[in-house]
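Accompanying notes for the structure given below.
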Amino acid sequence: GAFYAGVMLYTLSWIGALTGAFDIITWLDIPFHFLGGFLVGLFAIDAFKESLKAERGIWHDAVIVLGAALLVGYAWEVYEYILTLFFGKLFAAHSIDCCIGTTLDTLKDLFMDSLGAVVVFIVVRRRNKNSPLFR
């Protein structure tokens, strides 16, 4: 489920970039990064469930999920930057004049990725608190 939702989110980001939606609605990348972090967190919980079942505690589990979201988020930022360098504004998620490549934009994006991962971690943990996954 998380993989297919991620593919759909990626496709929507391309549609948004190609139609100029990210230039018109400048805050549109915020929910995209939040949802991206949420989906990567969900994927990490599933992919690393054996490690999360180990008796290591909540902080270990949170670091795994958050680390996965930050790793993918950082890779996405590099991806955006490379697309902007090679293809210009046409393929950028934002106008070059606006935010691409700025430290503030990158930090905001990584924060939203992290927030999405933290939210999914909390939701899944609360829903499965009696599961061996989160004991």
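Residue numbers start at 1 in each chain; chains themselves are named A, B, ... in the order of the structure tokens; ligands are numbered from 1 in the order shown.
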Give me, as a PyMOL selection string, all polymer residues having an atom no more than 7 Å from Gly116 of chain A, counting only C-alpha atoms and skipping those fewer than 6 positions away in the same chain.
chain A and resi 34-35+37-38
Write the selection just made, keeping N, CA and C atoms, as a PDB file, in the first residue's frame?
```
ATOM      1  N   PHE A  34       5.110  16.347   3.745  1.00  0.00           N
ATOM      2  CA  PHE A  34       4.510  15.678   4.897  1.00  0.00           C
ATOM      3  C   PHE A  34       4.036  14.277   4.507  1.00  0.00           C
ATOM      4  N   LEU A  35       3.286  14.186   3.410  1.00  0.00           N
ATOM      5  CA  LEU A  35       2.796  12.886   2.954  1.00  0.00           C
ATOM      6  C   LEU A  35       3.939  11.955   2.548  1.00  0.00           C
ATOM      7  N   GLY A  37       6.981  11.937   3.874  1.00  0.00           N
ATOM      8  CA  GLY A  37       7.537  11.443   5.136  1.00  0.00           C
ATOM      9  C   GLY A  37       6.634  10.416   5.791  1.00  0.00           C
ATOM     10  N   PHE A  38       5.333  10.651   5.720  1.00  0.00           N
ATOM     11  CA  PHE A  38       4.347   9.722   6.271  1.00  0.00           C
ATOM     12  C   PHE A  38       4.456   8.368   5.574  1.00  0.00           C
TER      13      PHE A  38
END
```
Would you please give, as a count of residues only, all residues of chain A that DSSP assigns to helix (DSSP H, G or I) based on the backbone?
108
By how many Å are atom CA of Ala17 of chain A and atom CA of Phe43 of chain A apart?
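Value for the atom CA of Ala17 of chain A-atom CA of Phe43 of chain A distance: 24.8 Å.
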Can you build me a table of segment 56-94 of chain A residues sitting at most 12 Å from segment 101-115 of chain A, with the closest atom pair per residue and its distance in Å to one decimal, using only C-alpha atoms, sorted by chain and residue number, as JSON lines?
```
{"residue": "A:Ala62", "atom": "CA", "partner": "A:Ser114", "partner_atom": "CA", "distance": 10.7}
{"residue": "A:Val63", "atom": "CA", "partner": "A:Ser114", "partner_atom": "CA", "distance": 10.7}
{"residue": "A:Ile64", "atom": "CA", "partner": "A:Ser114", "partner_atom": "CA", "distance": 11.7}
{"residue": "A:Val65", "atom": "CA", "partner": "A:Ser114", "partner_atom": "CA", "distance": 9.1}
{"residue": "A:Leu66", "atom": "CA", "partner": "A:Ser114", "partner_atom": "CA", "distance": 6.1}
{"residue": "A:Gly67", "atom": "CA", "partner": "A:Ser114", "partner_atom": "CA", "distance": 8.5}
{"residue": "A:Ala68", "atom": "CA", "partner": "A:Ser114", "partner_atom": "CA", "distance": 9.3}
{"residue": "A:Ala69", "atom": "CA", "partner": "A:Asp113", "partner_atom": "CA", "distance": 6.2}
{"residue": "A:Leu70", "atom": "CA", "partner": "A:Ser114", "partner_atom": "CA", "distance": 6.4}
{"residue": "A:Leu71", "atom": "CA", "partner": "A:Leu110", "partner_atom": "CA", "distance": 9.4}
{"residue": "A:Val72", "atom": "CA", "partner": "A:Asp113", "partner_atom": "CA", "distance": 8.7}
{"residue": "A:Gly73", "atom": "CA", "partner": "A:Leu110", "partner_atom": "CA", "distance": 5.9}
{"residue": "A:Tyr74", "atom": "CA", "partner": "A:Leu110", "partner_atom": "CA", "distance": 7.0}
{"residue": "A:Ala75", "atom": "CA", "partner": "A:Leu110", "partner_atom": "CA", "distance": 10.3}
{"residue": "A:Trp76", "atom": "CA", "partner": "A:Leu110", "partner_atom": "CA", "distance": 9.5}
{"residue": "A:Glu77", "atom": "CA", "partner": "A:Thr106", "partner_atom": "CA", "distance": 6.8}
{"residue": "A:Val78", "atom": "CA", "partner": "A:Gly101", "partner_atom": "CA", "distance": 9.1}
{"residue": "A:Tyr79", "atom": "CA", "partner": "A:Gly101", "partner_atom": "CA", "distance": 11.0}
{"residue": "A:Glu80", "atom": "CA", "partner": "A:Gly101", "partner_atom": "CA", "distance": 8.6}
{"residue": "A:Tyr81", "atom": "CA", "partner": "A:Gly101", "partner_atom": "CA", "distance": 6.4}
{"residue": "A:Ile82", "atom": "CA", "partner": "A:Gly101", "partner_atom": "CA", "distance": 10.0}
{"residue": "A:Leu83", "atom": "CA", "partner": "A:Gly101", "partner_atom": "CA", "distance": 11.3}
{"residue": "A:Thr84", "atom": "CA", "partner": "A:Gly101", "partner_atom": "CA", "distance": 9.0}
{"residue": "A:Leu85", "atom": "CA", "partner": "A:Gly101", "partner_atom": "CA", "distance": 10.0}
{"residue": "A:Ala92", "atom": "CA", "partner": "A:Gly101", "partner_atom": "CA", "distance": 10.6}
{"residue": "A:Ala93", "atom": "CA", "partner": "A:Gly101", "partner_atom": "CA", "distance": 11.2}
{"residue": "A:His94", "atom": "CA", "partner": "A:Gly101", "partner_atom": "CA", "distance": 10.0}
```
Since we have the selection now, will you write its residues out, keeping N, CA and C atoms, as a PDB file, in the first residue's frame?
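In the end it all went to result_2.pdb:
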```
ATOM      1  N   ALA A  62      11.849   4.765  16.910  1.00  0.00           N
ATOM      2  CA  ALA A  62      11.633   6.096  16.347  1.00  0.00           C
ATOM      3  C   ALA A  62      12.807   6.522  15.474  1.00  0.00           C
ATOM      4  N   VAL A  63      14.021   6.212  15.892  1.00  0.00           N
ATOM      5  CA  VAL A  63      15.207   6.573  15.109  1.00  0.00           C
ATOM      6  C   VAL A  63      15.211   5.846  13.766  1.00  0.00           C
ATOM      7  N   ILE A  64      14.798   4.593  13.747  1.00  0.00           N
ATOM      8  CA  ILE A  64      14.744   3.847  12.496  1.00  0.00           C
ATOM      9  C   ILE A  64      13.759   4.506  11.530  1.00  0.00           C
ATOM     10  N   VAL A  65      12.560   4.797  12.008  1.00  0.00           N
ATOM     11  CA  VAL A  65      11.523   5.373  11.148  1.00  0.00           C
ATOM     12  C   VAL A  65      11.898   6.792  10.724  1.00  0.00           C
ATOM     13  N   LEU A  66      12.324   7.602  11.655  1.00  0.00           N
ATOM     14  CA  LEU A  66      12.714   8.973  11.339  1.00  0.00           C
ATOM     15  C   LEU A  66      13.946   9.006  10.435  1.00  0.00           C
ATOM     16  N   GLY A  67      14.904   8.143  10.709  1.00  0.00           N
ATOM     17  CA  GLY A  67      16.108   8.072   9.879  1.00  0.00           C
ATOM     18  C   GLY A  67      15.789   7.725   8.435  1.00  0.00           C
ATOM     19  N   ALA A  68      14.863   6.796   8.243  1.00  0.00           N
ATOM     20  CA  ALA A  68      14.466   6.422   6.881  1.00  0.00           C
ATOM     21  C   ALA A  68      13.829   7.612   6.168  1.00  0.00           C
ATOM     22  N   ALA A  69      12.965   8.334   6.860  1.00  0.00           N
ATOM     23  CA  ALA A  69      12.305   9.492   6.249  1.00  0.00           C
ATOM     24  C   ALA A  69      13.318  10.586   5.919  1.00  0.00           C
ATOM     25  N   LEU A  70      14.269  10.821   6.805  1.00  0.00           N
ATOM     26  CA  LEU A  70      15.281  11.845   6.532  1.00  0.00           C
ATOM     27  C   LEU A  70      16.209  11.440   5.396  1.00  0.00           C
ATOM     28  N   LEU A  71      16.545  10.173   5.330  1.00  0.00           N
ATOM     29  CA  LEU A  71      17.397   9.685   4.244  1.00  0.00           C
ATOM     30  C   LEU A  71      16.710   9.881   2.892  1.00  0.00           C
ATOM     31  N   VAL A  72      15.460   9.472   2.797  1.00  0.00           N
ATOM     32  CA  VAL A  72      14.715   9.639   1.548  1.00  0.00           C
ATOM     33  C   VAL A  72      14.467  11.124   1.278  1.00  0.00           C
ATOM     34  N   GLY A  73      14.162  11.890   2.310  1.00  0.00           N
ATOM     35  CA  GLY A  73      13.940  13.331   2.142  1.00  0.00           C
ATOM     36  C   GLY A  73      15.179  14.043   1.623  1.00  0.00           C
ATOM     37  N   TYR A  74      16.319  13.697   2.162  1.00  0.00           N
ATOM     38  CA  TYR A  74      17.567  14.304   1.697  1.00  0.00           C
ATOM     39  C   TYR A  74      17.856  13.900   0.253  1.00  0.00           C
ATOM     40  N   ALA A  75      17.632  12.624  -0.061  1.00  0.00           N
ATOM     41  CA  ALA A  75      17.819  12.162  -1.444  1.00  0.00           C
ATOM     42  C   ALA A  75      16.885  12.912  -2.394  1.00  0.00           C
ATOM     43  N   TRP A  76      15.666  13.186  -1.933  1.00  0.00           N
ATOM     44  CA  TRP A  76      14.718  13.944  -2.762  1.00  0.00           C
ATOM     45  C   TRP A  76      15.225  15.367  -2.998  1.00  0.00           C
ATOM     46  N   GLU A  77      15.781  15.983  -1.987  1.00  0.00           N
ATOM     47  CA  GLU A  77      16.313  17.338  -2.143  1.00  0.00           C
ATOM     48  C   GLU A  77      17.457  17.365  -3.158  1.00  0.00           C
ATOM     49  N   VAL A  78      18.326  16.372  -3.116  1.00  0.00           N
ATOM     50  CA  VAL A  78      19.415  16.266  -4.091  1.00  0.00           C
ATOM     51  C   VAL A  78      18.833  16.046  -5.484  1.00  0.00           C
ATOM     52  N   TYR A  79      17.820  15.194  -5.577  1.00  0.00           N
ATOM     53  CA  TYR A  79      17.129  14.922  -6.840  1.00  0.00           C
ATOM     54  C   TYR A  79      16.533  16.215  -7.429  1.00  0.00           C
ATOM     55  N   GLU A  80      15.842  16.995  -6.591  1.00  0.00           N
ATOM     56  CA  GLU A  80      15.278  18.271  -7.047  1.00  0.00           C
ATOM     57  C   GLU A  80      16.376  19.201  -7.560  1.00  0.00           C
ATOM     58  N   TYR A  81      17.465  19.260  -6.825  1.00  0.00           N
ATOM     59  CA  TYR A  81      18.561  20.140  -7.193  1.00  0.00           C
ATOM     60  C   TYR A  81      19.175  19.724  -8.537  1.00  0.00           C
ATOM     61  N   ILE A  82      19.386  18.432  -8.717  1.00  0.00           N
ATOM     62  CA  ILE A  82      19.967  17.933  -9.975  1.00  0.00           C
ATOM     63  C   ILE A  82      19.024  18.201 -11.144  1.00  0.00           C
ATOM     64  N   LEU A  83      17.729  17.953 -10.957  1.00  0.00           N
ATOM     65  CA  LEU A  83      16.770  18.242 -12.023  1.00  0.00           C
ATOM     66  C   LEU A  83      16.778  19.721 -12.389  1.00  0.00           C
ATOM     67  N   THR A  84      16.875  20.569 -11.382  1.00  0.00           N
ATOM     68  CA  THR A  84      16.913  22.008 -11.633  1.00  0.00           C
ATOM     69  C   THR A  84      18.173  22.396 -12.397  1.00  0.00           C
ATOM     70  N   LEU A  85      19.309  21.809 -12.028  1.00  0.00           N
ATOM     71  CA  LEU A  85      20.560  22.116 -12.719  1.00  0.00           C
ATOM     72  C   LEU A  85      20.526  21.706 -14.189  1.00  0.00           C
ATOM     73  N   ALA A  92      11.526  21.590 -12.145  1.00  0.00           N
ATOM     74  CA  ALA A  92      11.694  21.874 -10.722  1.00  0.00           C
ATOM     75  C   ALA A  92      10.337  21.898 -10.037  1.00  0.00           C
ATOM     76  N   ALA A  93      10.316  21.487  -8.799  1.00  0.00           N
ATOM     77  CA  ALA A  93       9.070  21.519  -8.036  1.00  0.00           C
ATOM     78  C   ALA A  93       8.701  22.944  -7.653  1.00  0.00           C
ATOM     79  N   HIS A  94       9.631  23.857  -7.777  1.00  0.00           N
ATOM     80  CA  HIS A  94       9.399  25.276  -7.511  1.00  0.00           C
ATOM     81  C   HIS A  94      10.157  26.080  -8.549  1.00  0.00           C
TER      82      HIS A  94
END
```
Residues at most 7 Å from Gly36 of chain A, counting only C-alpha atoms, excluding those fewer than 3 positions away in the same chain, as a ChimeraX atom specification?
/A:6,32-33,39-40,113
Using only C-alpha atoms, please write the residues we just selected to a file, as a compact mmCIF listing (two decimals), in the first residue's frame.
```txt
# COMPACT_ATOMS: atom_id res chain seq x y z
CA GLY A 6 4.31 6.78 -2.91
CA PHE A 32 3.68 16.75 -0.41
CA HIS A 33 6.70 16.53 1.90
CA LEU A 39 4.57 7.15 3.47
CA VAL A 40 8.30 6.55 3.93
CA ASP A 113 9.34 14.88 5.94
```
Give the answer as one residue: which of A:Leu18, A:Tyr4, A:Ile58, A:Ile24 has the shortest atom-to-atom distance to Lys129 of chain A, using only C-alpha atoms?
A:Ile58
Determine, counting only C-alpha atoms, which protein, DNA and RNA residues have an atom within 7 Å of an atom of Val120 of chain A; residues of the same chain fewer than 2 positions away are not included. Present the result as a list in words.
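Once the nearby chain positions are removed, what remains is Phe38, Gly41, Leu42, Gly116, Ala117, Val118, Ile122, Val123 and Val124 of chain A.
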Just write the chosen residues, C-alpha atoms, as an mmCIF file, in the first residue's frame.
```cif
data_model
loop_
_atom_site.group_PDB
_atom_site.id
_atom_site.type_symbol
_atom_site.label_atom_id
_atom_site.label_comp_id
_atom_site.auth_asym_id
_atom_site.auth_seq_id
_atom_site.Cartn_x
_atom_site.Cartn_y
_atom_site.Cartn_z
ATOM 1 C CA PHE A 38 4.347 9.722 6.271
ATOM 2 C CA GLY A 41 7.659 6.108 7.665
ATOM 3 C CA LEU A 42 4.907 3.603 6.921
ATOM 4 C CA GLY A 116 5.103 13.018 8.538
ATOM 5 C CA ALA A 117 7.282 10.142 9.755
ATOM 6 C CA VAL A 118 6.746 11.042 13.420
ATOM 7 C CA ILE A 122 2.764 7.663 16.697
ATOM 8 C CA VAL A 123 -0.435 6.572 14.912
ATOM 9 C CA VAL A 124 0.835 3.055 14.159
#
```
Please measure the separation of atom CA of Gly57 of chain A and atom CA of Pro31 of chain A, giving the value in Å to one decimal.
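That distance, rounded to one decimal, is 29.8 Å.
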Can you work out the spacing between atom CA of Ile15 of chain A and atom CA of Ile45 of chain A in Å, to one decimal?
28.4 Å
